[in-house]
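Each remark here refers to the structure printed beneath this line.
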Amino acid sequence: MEAEQAPSDFMYPFETTPTCAAALDHQDPLESCRNAFLIPESMGKQQVYFLGNSLGLQPKQTRAQLETVLDQWANLGVEAFFHASPSWMGMHSLLKEQVALLAGALPSEVSIMNQLTTNIHLMLVSFYRPVGNRKKILIESKSFPSDQYALRSYLQHLGLDPDEIIVEVEPDYTGKAIGEEKIMNAIAQHADTLALVFMGGVNYYTGQLFNMQAIVQQAHQCGALVGFDLAHAIGNVRLELHAWDADFACWCSYKYLNAGPGAVAGVFIHERFHAEEKISRLAGWWGYREDRRFQMTDQFEATPDATGWQISTPSILQYACLHASLQTIENAGWDTMLQKQSLLIAWLNFLLGELPAVHFQCLTPEARGCQVSLYFAEKGRQVFDLLSEKGFMVDWREPNVIRLAPVPLYNTFSEIWLFYAAMKEIIKQVYSDNE
Ligand SMILES: *Cc1c(COP(=O)(O)O)cnc(C)c1O
């Protein structure tokens with residue numbers, strides 16, 4: 001789909017009017033994409049869903065594609081692995097191609113498998129390579145709890161003390177974004193002892209987008225490997241994992257990829273590792289060379305690409321969900337999505353700037369994707385509850401942060417307007433008592 005105008009020409013300067021919101025919607029090349037999704041309703045009224053960063057909405061196609069797999073199973077039984085259309089064996093290649101585009105990877109560098117935290121463990125097996133004094137792992141502070149549990153438990157499994165191994169880069173102020181220099185300095189400071197840098201691409205709490213390219217460069221210069229957790233980055237920000245030279249990455253598919261709760265996840269493994277002899281990995285028959293997988297030999301022989309890291313028979317039902325959702329992204333066009341996203345965020349920022357700023361603060365720096373995190377010094381929970389009552393689905397993080405993420409596939413400029421109007425009223429109501 002081609003926009004009639006480059007989005008950057010839209011409606012500047014913005015105006016604080018619903019007419020401006022409507023005009024932005026009218027010029028939105030993705031306006032009709034919303035119809036491809038099921039929008040949650042409460043008492044017959046569509047909710048304003050700003051939780052695409054938590055669980056992306058269900059594409060209407062998903063149910064049909066699931067039914068197709070159920071029918072294939074019903075009609076063909078096990079033969080569907082080879083004779084369904086597309087064959088179940090061939091589905092991994094289709095998915096890899098589509099996801100590789102979003103990851104900025106070669107299709108051979110992507111494997112669709114398991115779930116995110118499981119994959120973090122598997123990647124640590126291959127890419128945490130402590131040698132001598134070079135044992136440390138650098139992460140961002142406030143990384144997602146599951147990532148921390150994975151790292152710590154994995155280190156304990158190796159007989160290492162996580163407190164000695166893990167180095168956290170802290171922001172200057174707790175809960176705020178971490179300056180790029182701070183990250184670069186931390187890497188340099190531990191240059192001789194660093195085995196691995198493992199960071200989010202976009203931090204789940206602040207919404208900060210890290211400069212992954214610079215992090216890779218710095219870490220490689222210091223002799224460390226680099227992996228990213230892209231749970232909040234894939235389908236949200238532009239990624240160039242191959243060109244940036246990242247070593248590995250993992251993500252889930254139920255946030256910005258809309259593949260449904262517990263959807264099949266994915267990994268990126270740079271091609272330089274594919275043929276590495278004696279690489280450490282936990283193997284299973286689904287990573288065995290596809291051309292000879294069913295010869296059932298004793299000795300494991302890996303598929304010489306990222307597929308070699310697969311372990312088990314994949315869930316074809318999960319594949320169907322992911323395929324349906326990737327189709328909606330393909331139809332919309334990834335570039336068009338990113339263009340709309342920057343306009344959505346500019347519009348949201350503009351309107352937030354029109355609200356009395358004394359009551360809250362935006363934690364999210366300019367480098368970001370869809371998500372905005374708002375910090376409330378007091379009464380944030382009350383604001384959140386009132387938003388929920390009014391039909392806004394946003395997210396509350398203890399003790400004082402509201403996160404919201406308008407996404408280009410199904411959110412509108414008018415919804416952001418409604419959010420602004422509601423916030424204006426709520427702020428008046430909640431904070432008037434102490435004025
Ligand atoms: C959402 C998220 C997870 C969740 O992990 P699962 O294994 O999918 O439950 C992990 N890490 C980060 C950074 C996340 O944002």
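The way I read the labels, and the way they are meant: chains A, B, ... in the order of the structure tokens, residue 1 as the first residue of every chain, and ligand 1 as the first ligand shown, with later ones counted on from there.
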
Exercise. Might you pull out every residue within 8 Å of Thr17 in chain A, with only C-alpha atoms counted and same-chain residues fewer than 3 positions away left off, and present them as a VMD selection string?
Key: chain A and resid 20 to 21 417

Exercise. Name the residues, by chain letter and number, that sit within 8 Å of ligand 1 using only C-alpha atoms and all ligand atoms, and give them as a PyMOL selection string.
Key: chain A and resi 54+115-119+143-147+200+203-204+229-232+251-252+254-255+262+265

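Across the model, the gap from CA of Thr303 in chain A to CA of His83 in chain A is 22.3 Å.
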
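The space between CA of Arg368 in chain A and CA of Gly207 in chain A spans 6.0 Å.
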
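Among A:Cys362, A:Leu374, A:Ala324, A:Leu409, the residue with the shortest atom-to-atom distance to Gln61 in chain A, counting only C-alpha atoms, is A:Ala324.
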
Self-check item: Distance query Ala195 in chain A at most 9 Å, only C-alpha atoms, self and fewer than 3 positions along chain excluded, as a PyMOL selection string
Solution: chain A and resi 127-131+133-138+191-192+223-226

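The two atoms in question, CA of Trp309 in chain A and CA of Glu271 in chain A, are spaced 12.6 Å apart.
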
Quiz item: Contacts of range 341-351 of chain A at 8 Å or less, counting only C-alpha atoms, minus same-chain residues fewer than 5 places along, as a list in words?
Solution: Pro7, Ser8, Phe14, Thr16, Gly369, Cys370, Pro406, Val407, Pro408, Thr412, Phe413, Ile416, Trp417 and Tyr420 of chain A

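Proximity to Phe376 in chain A was assessed for A:Ser108, A:Ser126, A:Gln310, A:Asn400 counting only C-alpha atoms; the smallest distance is recorded for A:Asn400.
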
Quiz prompt | Selection: 9 Å around Gln65 in chain A, only C-alpha atoms, excl. self and same-chain fewer than 3 positions, as a PyMOL selection string | solution = chain A and resi 61-62+68-70+317+320-321+323-324

Self-check item: Filtered DSSP result for range 176-356 of chain A, state alpha helix (DSSP H), as a PyMOL selection string
Solution: chain A and resi 180-189+212-221+241-244+316-332+334-353

Practice problem: Return the single residue from A:Leu57, A:Ala377, A:Leu124, A:Val383 that is closest to Ser325 in chain A, with distances computed using only C-alpha atoms. | Solution: A:Leu57

Self-check item: Nearby residues (only C-alpha atoms) at most 12 Å from Gln58 in chain A, same-chain spacing under 4 positions excluded, as a PyMOL selection string
Solution: chain A and resi 34-40+49+52+62-64+254-261+263+321-322+324-326+328+409-410

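Distance annotation: of A:Ala233, A:Ile183, A:Ala243, A:Ile311, the residue with the minimal separation from Leu106 in chain A is A:Ala243; atom set is only C-alpha atoms.
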
Exercise. Apply DSSP to the structure's backbone, then extract all residues of range 193-271 of chain A labelled strand (DSSP E or B) and return them as a VMD selection string.
Key: chain A and resid 194 to 200 202 208 to 209 225 to 229 248 to 251 266 to 269

Practice problem: Could you give me, as a PyMOL selection string, the residues within 9 Å of range 286-299 of chain A, counting only C-alpha atoms and dropping anything in the same chain fewer than 5 positions from it? | Solution: chain A and resi 304+306-314

If you keep C-alpha atoms, can you produce a file of those selected residues as a PDB file, in the first residue's frame?
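Generated output (again.pdb):
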```pdb
ATOM      1  CA  PRO A 304      23.964 -26.170   9.228  1.00  0.00           C
ATOM      2  CA  ALA A 306      19.795 -21.684  12.893  1.00  0.00           C
ATOM      3  CA  THR A 307      17.377 -24.582  12.426  1.00  0.00           C
ATOM      4  CA  GLY A 308      20.095 -26.764  13.957  1.00  0.00           C
ATOM      5  CA  TRP A 309      19.086 -25.361  17.360  1.00  0.00           C
ATOM      6  CA  GLN A 310      15.570 -26.788  17.166  1.00  0.00           C
ATOM      7  CA  ILE A 311      14.874 -29.612  19.537  1.00  0.00           C
ATOM      8  CA  SER A 312      11.337 -30.929  19.272  1.00  0.00           C
ATOM      9  CA  THR A 313       8.529 -31.425  16.814  1.00  0.00           C
ATOM     10  CA  PRO A 314       6.972 -27.980  16.483  1.00  0.00           C
TER      11      PRO A 314
END
```
